[in-house]
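Engineer: Next comes target_25.tsv, TSV, C-alpha atoms:
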chain	number	residue	atom	x	y	z
A	1	TYR	CA	-36.67	23.06	-24.49
A	2	ASN	CA	-38.31	21.38	-27.48
A	3	CYS	CA	-41.48	23.04	-28.78
A	4	CYS	CA	-42.59	20.00	-30.74
A	5	SER	CA	-43.14	16.45	-29.66
A	6	SER	CA	-40.95	13.88	-31.38
A	7	ASN	CA	-44.00	12.61	-33.30
A	8	GLU	CA	-44.66	16.10	-34.67
A	9	THR	CA	-41.02	16.48	-35.60
A	10	ASP	CA	-41.04	13.10	-37.36
A	11	GLU	CA	-44.23	14.01	-39.24
A	12	ASN	CA	-42.78	17.35	-40.34
A	13	SER	CA	-39.59	15.65	-41.45
A	14	ASN	CA	-41.50	12.97	-43.37
A	15	SER	CA	-43.64	15.61	-45.12
A	16	TYR	CA	-40.55	17.57	-46.10
A	17	ASN	CA	-38.82	14.43	-47.38
A	18	LYS	CA	-41.90	13.52	-49.46
A	19	LEU	CA	-41.89	16.99	-51.04
A	20	LEU	CA	-38.18	16.66	-51.69
A	21	ILE	CA	-38.66	13.30	-53.43
A	22	GLN	CA	-41.47	14.76	-55.53
A	23	LYS	CA	-39.27	17.70	-56.57
A	24	MET	CA	-36.37	15.37	-57.42
A	25	SER	CA	-38.71	13.31	-59.63
A	26	GLU	CA	-39.13	16.38	-61.80
A	27	GLU	CA	-35.36	16.51	-62.33
A	28	ILE	CA	-34.97	13.13	-64.06
A	29	THR	CA	-32.74	13.30	-67.13
A	30	GLN	CA	-30.71	10.81	-69.17
A	31	PHE	CA	-27.13	9.79	-68.53
A	32	ASN	CA	-24.65	10.92	-71.15
A	33	ASN	CA	-21.03	9.82	-70.71
A	34	ILE	CA	-19.76	12.99	-72.39
A	35	LEU	CA	-21.59	15.35	-70.01
A	36	TYR	CA	-20.89	13.23	-66.93
A	37	LYS	CA	-17.47	11.79	-67.69
A	38	GLU	CA	-16.33	11.98	-64.02
A	39	ASN	CA	-19.40	10.05	-62.86
A	40	ASN	CA	-19.14	6.38	-63.76
A	41	GLY	CA	-21.73	5.03	-61.38
A	42	CYS	CA	-24.22	5.51	-58.61
A	43	VAL	CA	-22.50	5.66	-55.21
A	44	ILE	CA	-25.63	4.35	-53.50
A	45	CYS	CA	-26.07	1.04	-55.37
A	46	LEU	CA	-22.54	1.00	-56.87
A	47	ASP	CA	-23.86	0.11	-60.35
A	48	ASN	CA	-22.38	1.87	-63.36
A	49	PHE	CA	-24.61	4.20	-65.34
A	50	LYS	CA	-25.61	3.11	-68.82
A	51	ILE	CA	-25.96	5.46	-71.80
A	52	ASP	CA	-29.45	7.05	-71.87
A	53	GLU	CA	-30.30	5.58	-68.45
A	54	LYS	CA	-32.51	7.81	-66.29
A	55	ILE	CA	-30.63	9.76	-63.61
A	56	ILE	CA	-31.27	12.59	-61.17
A	57	LYS	CA	-28.73	15.37	-60.79
A	58	LEU	CA	-28.76	17.07	-57.39
A	59	PRO	CA	-28.00	20.81	-57.00
A	60	CYS	CA	-24.44	19.85	-55.99
A	61	ASN	CA	-24.12	18.18	-59.44
A	62	HIS	CA	-23.83	14.61	-58.14
A	63	ILE	CA	-25.95	12.14	-60.08
A	64	TYR	CA	-27.84	9.04	-58.96
A	65	HIS	CA	-30.38	6.52	-60.18
A	66	PRO	CA	-33.84	7.97	-59.44
A	67	GLU	CA	-34.87	4.97	-57.30
A	68	CYS	CA	-31.64	5.08	-55.29
A	69	ILE	CA	-31.75	8.78	-54.42
A	70	GLN	CA	-35.49	8.73	-53.78
A	71	ASP	CA	-35.02	5.92	-51.25
A	72	TRP	CA	-32.15	7.88	-49.68
A	73	LEU	CA	-34.24	11.04	-49.46
A	74	LYS	CA	-36.97	9.26	-47.51
A	75	ASP	CA	-34.69	9.48	-44.47
A	76	ASN	CA	-32.17	12.21	-45.38
A	77	ILE	CA	-32.09	15.71	-46.85
A	78	THR	CA	-28.45	15.74	-47.90
A	79	CYS	CA	-26.44	14.43	-50.81
A	80	PRO	CA	-25.01	11.02	-49.83
A	81	LEU	CA	-21.65	11.94	-51.32
A	82	CYS	CA	-20.90	15.51	-50.20
A	83	ARG	CA	-23.65	16.11	-47.59
A	84	TYR	CA	-24.91	19.19	-49.44
A	85	GLU	CA	-28.28	20.05	-47.89
A	86	ILE	CA	-31.01	19.78	-50.50
A	87	THR	CA	-33.76	22.35	-50.16
A	88	ILE	CA	-37.11	22.75	-51.85
A	89	ILE	CA	-37.41	25.99	-53.75
Here is the file; what I need is its structure written in the form of structure tokens.
Structural biologist:
Amino acid sequence: YNCCSSNETDENSNSYNKLLIQKMSEEITQFNNILYKENNGCVICLDNFKIDEKIIKLPCNHIYHPECIQDWLKDNITCPLCRYEITII
């Protein structure tokens, strides 16, 4: 038994994803190869990070280009690399 229609579920999911993207936008920092020496590049677009380039670090400590992870989070609520579920606090 499903208490919500699929449209309601989709709308709730979209609202949550929008909030998640907004929260992630607040987490933008700059790439530093000393702090992130294991992370050479974004696993979404496969481009290498450049020094002082803007990045977002997820709670699981994986980093991405802001545009890449924001596009990902429009349809997902997990880290693309480890599938850690990202929640809004």
Engineer: In Å, with one decimal, what is the gap from atom CA of Leu46 of chain A to atom CA of Ile86 of chain A?
Structural biologist: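 Computed distance, atom CA of Leu46 of chain A to atom CA of Ile86 of chain A, equals 21.6 Å.
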Engineer: Using all atoms listed in the file, which residue out of A:His62, A:Asn40, A:Glu67, A:Lys54 lies closest to Cys79 of chain A?
Structural biologist: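 Closest candidate: A:His62.
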Engineer: Could you please determine the separation between atom CA of Asn76 of chain A and atom CA of Ile51 of chain A in Å, to one decimal place?
Structural biologist: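 Taking atom CA of Asn76 of chain A and atom CA of Ile51 of chain A, their separation equals 28.0 Å.
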Engineer: Closest to Pro80 of chain A among A:Cys60, A:Phe49, A:Ile55, A:Ser15, using all atoms listed in the file?
Structural biologist: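 Going through A:Cys60, A:Phe49, A:Ile55, A:Ser15 one by one, the smallest distance to Pro80 of chain A is for A:Cys60.
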Engineer: I need every residue sitting at most 9 Å from the point (-25.8, 12.4, -54.3) (coordinates as in the file, only C-alpha atoms considered), written as a VMD selection string.
Structural biologist: chain A and resid 42 to 44 56 to 58 60 to 64 69 78 to 84
Engineer: For the residues in the current selection, export C-alpha atoms as a PDB file, in the coordinates of the input.
Structural biologist:
ATOM      1  CA  CYS A  42     -24.220   5.510 -58.610  1.00  0.00           C
ATOM      2  CA  VAL A  43     -22.500   5.660 -55.210  1.00  0.00           C
ATOM      3  CA  ILE A  44     -25.630   4.350 -53.500  1.00  0.00           C
ATOM      4  CA  ILE A  56     -31.270  12.590 -61.170  1.00  0.00           C
ATOM      5  CA  LYS A  57     -28.730  15.370 -60.790  1.00  0.00           C
ATOM      6  CA  LEU A  58     -28.760  17.070 -57.390  1.00  0.00           C
ATOM      7  CA  CYS A  60     -24.440  19.850 -55.990  1.00  0.00           C
ATOM      8  CA  ASN A  61     -24.120  18.180 -59.440  1.00  0.00           C
ATOM      9  CA  HIS A  62     -23.830  14.610 -58.140  1.00  0.00           C
ATOM     10  CA  ILE A  63     -25.950  12.140 -60.080  1.00  0.00           C
ATOM     11  CA  TYR A  64     -27.840   9.040 -58.960  1.00  0.00           C
ATOM     12  CA  ILE A  69     -31.750   8.780 -54.420  1.00  0.00           C
ATOM     13  CA  THR A  78     -28.450  15.740 -47.900  1.00  0.00           C
ATOM     14  CA  CYS A  79     -26.440  14.430 -50.810  1.00  0.00           C
ATOM     15  CA  PRO A  80     -25.010  11.020 -49.830  1.00  0.00           C
ATOM     16  CA  LEU A  81     -21.650  11.940 -51.320  1.00  0.00           C
ATOM     17  CA  CYS A  82     -20.900  15.510 -50.200  1.00  0.00           C
ATOM     18  CA  ARG A  83     -23.650  16.110 -47.590  1.00  0.00           C
ATOM     19  CA  TYR A  84     -24.910  19.190 -49.440  1.00  0.00           C
TER      20      TYR A  84
END
Engineer: Hey, could you pull the box centre and edge lengths for segment 48-67 of chain A, axis-aligned, 5 Å padding per side, all listed atoms, to one decimal in Å, as AutoDock Vina command-line options?
Structural biologist:
--center_x -28.6 --center_y 11.3 --center_z -63.9 --size_x 22.5 --size_y 28.9 --size_z 25.9
Engineer: What is the distance, in Å and to one decimal place, between atom CA of His65 of chain A and atom CA of Gly41 of chain A?
Structural biologist: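 Atom CA of Gly41 of chain A lies 8.9 Å from atom CA of His65 of chain A.
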Engineer: Is there a way to complete segment 49-61 of chain A with N, CA, C and O atoms and then write that out as a short mmCIF file (atom, residue, chain, number, x, y, z; two decimals), keeping the file's coordinate frame?
Structural biologist:
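Final output, saved to result-v3.cif:
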data_model
loop_
_atom_site.label_atom_id
_atom_site.label_comp_id
_atom_site.auth_asym_id
_atom_site.auth_seq_id
_atom_site.Cartn_x
_atom_site.Cartn_y
_atom_site.Cartn_z
N PHE A 49 -23.55 3.65 -64.52
CA PHE A 49 -24.61 4.20 -65.34
C PHE A 49 -24.46 3.70 -66.77
O PHE A 49 -23.36 3.49 -67.25
N LYS A 50 -25.59 3.52 -67.43
CA LYS A 50 -25.61 3.11 -68.82
C LYS A 50 -26.04 4.32 -69.66
O LYS A 50 -26.77 5.18 -69.18
N ILE A 51 -25.59 4.37 -70.90
CA ILE A 51 -25.96 5.46 -71.80
C ILE A 51 -27.49 5.54 -71.90
O ILE A 51 -28.16 4.53 -72.05
N ASP A 52 -28.02 6.75 -71.80
CA ASP A 52 -29.45 7.05 -71.87
C ASP A 52 -30.27 6.52 -70.69
O ASP A 52 -31.49 6.58 -70.71
N GLU A 53 -29.60 6.01 -69.65
CA GLU A 53 -30.30 5.58 -68.45
C GLU A 53 -30.80 6.81 -67.70
O GLU A 53 -30.16 7.86 -67.69
N LYS A 54 -31.96 6.69 -67.05
CA LYS A 54 -32.51 7.81 -66.29
C LYS A 54 -31.67 8.06 -65.05
O LYS A 54 -31.27 7.14 -64.36
N ILE A 55 -31.40 9.35 -64.79
CA ILE A 55 -30.63 9.76 -63.61
C ILE A 55 -31.26 11.02 -63.02
O ILE A 55 -32.05 11.70 -63.68
N ILE A 56 -30.91 11.32 -61.80
CA ILE A 56 -31.27 12.59 -61.17
C ILE A 56 -29.98 13.29 -60.78
O ILE A 56 -29.10 12.69 -60.16
N LYS A 57 -29.88 14.56 -61.16
CA LYS A 57 -28.73 15.37 -60.79
C LYS A 57 -29.16 16.30 -59.65
O LYS A 57 -30.11 17.07 -59.79
N LEU A 58 -28.47 16.21 -58.53
CA LEU A 58 -28.76 17.07 -57.39
C LEU A 58 -28.16 18.46 -57.62
O LEU A 58 -27.31 18.63 -58.50
N PRO A 59 -28.56 19.46 -56.84
CA PRO A 59 -28.00 20.81 -57.00
C PRO A 59 -26.48 20.86 -56.86
O PRO A 59 -25.83 21.75 -57.41
N CYS A 60 -25.90 19.92 -56.15
CA CYS A 60 -24.44 19.85 -55.99
C CYS A 60 -23.77 19.19 -57.19
O CYS A 60 -22.55 18.99 -57.21
N ASN A 61 -24.56 18.80 -58.19
CA ASN A 61 -24.12 18.18 -59.44
C ASN A 61 -23.76 16.70 -59.34
O ASN A 61 -23.27 16.13 -60.31
#
